[in-house]
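Report on one structure; see the data block that follows.
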Amino acid sequence: MLRTLLPAWSHERIGPVPARPSYVADDGFPAEMSVNWSGARPELRVLFDSLGHEVAWPGDSVFHSRRLDHVRETFTPRAGRPSPAPLWHSIAWRPPSEVVHKTYFGLYSWPHAHREAAVAEAMARLGMAEAWDTTRRHVETVEGDREIEFFAVDLTDEAQARVKIYYRNHGAGLAEVERVAAVARHHDSGRAQAAYRTLAGESTDAGEAALSCLAFRSGVDRAAESTTYLRLPALAPDDREAVDRTAALLHGEGVDPGRFRTLAAALAPAPPSDSRGVLELVSFRAAGRRGDVTTYFRFPVFDRPAPSPLSPVDLG
C-alpha cells in the first residue's frame, strides 16, 4: 500500500541534498515513521509530504473524498489564501484493524491571519465552528507565543473521526503546554504532567518548538482530546538518553518497553550514545487510554540539514 500511495518523488534518486526540501524533517527528507504503543498491539504509521504531487488513495470510499472536498478549497488561493497549503498524508495500521488514512494541510508558510481565517472557515464547513470558537478563546488565555501550524482530518466515516488543529509553541515551559492541553474536555492533567517530567528529565522547559494538538469530534462542544509533542533532541543529550526516558514513560504507563527499545536500536545508524535526533518526537495523550505514547523516528538521510521554511509571523 505504501508503494502505491507514495507520490512521484519516491522514484527519485537520493542525492547529497534534497532536490526540494520538505518541512517534515530537519534535513529536508519528506517522510517519517512513528509507532503508537497503546493497546495490545502497536500501531505503525508513515507520514509523508506530497511535495505538490497527487496522492491516489486506494478503494472507492465516498466518505473520505466528501470530507476532504468540504475543506480542500479553503486552503487554496481560490479562497483568498496566499498559496496552496502543502499536503501531507499518513497511513496508520494497528493489526487486525483496517488501515486509517489522514490528510494534513500545512499552514506554516502563511501569515497568521490567513491561518486563522482558513481554520475558522474549514471548521464551519465541518459543522464544528462553535467548538473551535470556544477552544480558541481558551487557548488564547494561555500565556506565551504559539502559532497554528497544521489542520488535519481523519479520512474515515466512523463516528469517532477527528479533525485536528496543531499549535507550535515557542519558548514554552512544561506548565504552559499543559495549560494548552487542559483546554480539551477529556484530559488527565496529573498523568500528563508526570509524562512530561519523565521526558524532560530535570528541565522544566518544554524544549524547542513543542507541539500541541487539539482533536475535535462531532457532537463535542470543544476540543475533545489533546496531545502534546516534545522534541527529544532539545531535551536529551543523545538518543540513548531519549530512548531511556521514553522507555521509562512506557513502563510507567503499563507498556512493556522491550519492543520499543528493539525498534529504536534497529533504526539508529550508530550507537545511541553517538546519535541524536533519530528519535525526534515523543507525544503523550491523557484521555483515558493507558499507554497512549507515540514515538516519531526521523532518519538522517541527507549529508547536511536543509533550511526550514521561515514563518512570516512576528512573534515579538
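Order determines the names: the first chain of the C-alpha cells is A, the second B, and so forth; residues in each chain are numbered 1 upward, and ligands are numbered 1 upward as they are shown.
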Where does DSSP see helix (DSSP H, G or I) in stretch 68-189 of chain A, if you list the residues as a PyMOL selection string? chain A and resi 68-75+77-79+112-125+129-139+174-181+189
Check which residues of stretch 202-226 of chain A sit at most 10 Å from stretch 278-295 of chain A using only C-alpha atoms, and return one row each with the closest pair of atoms and their distance in Å to one decimal, ordered by chain and rising number, as JSON lines.
{"residue": "A:Ala210", "atom": "CA", "partner": "A:Leu281", "partner_atom": "CA", "distance": 9.0}
{"residue": "A:Leu211", "atom": "CA", "partner": "A:Ser283", "partner_atom": "CA", "distance": 8.8}
{"residue": "A:Ser212", "atom": "CA", "partner": "A:Ser283", "partner_atom": "CA", "distance": 9.3}
{"residue": "A:Cys213", "atom": "CA", "partner": "A:Arg285", "partner_atom": "CA", "distance": 9.5}
{"residue": "A:Ala224", "atom": "CA", "partner": "A:Ala287", "partner_atom": "CA", "distance": 8.7}
{"residue": "A:Glu225", "atom": "CA", "partner": "A:Ala287", "partner_atom": "CA", "distance": 6.3}
{"residue": "A:Ser226", "atom": "CA", "partner": "A:Arg285", "partner_atom": "CA", "distance": 6.1}
Within 6 Å of stretch 156-172 of chain A, counting only C-alpha atoms, which residues qualify if same-chain residues fewer than 5 places away don't, as a ChimeraX atom specification? /A:63-64,145-151,206,209-217
From the set A:Asp69, A:Ala264, A:Tyr23, A:Ala152, which residue has the shortest atom-to-atom contact distance to A:Ser109, counting only C-alpha atoms? A:Tyr23
Excluding A:Asp221 and any residue of its chain fewer than 5 positions from it, enumerate the residues within 9 Å of it, using only C-alpha atoms, and give them as a ChimeraX atom specification. /A:128,130-132,134-135,185,216
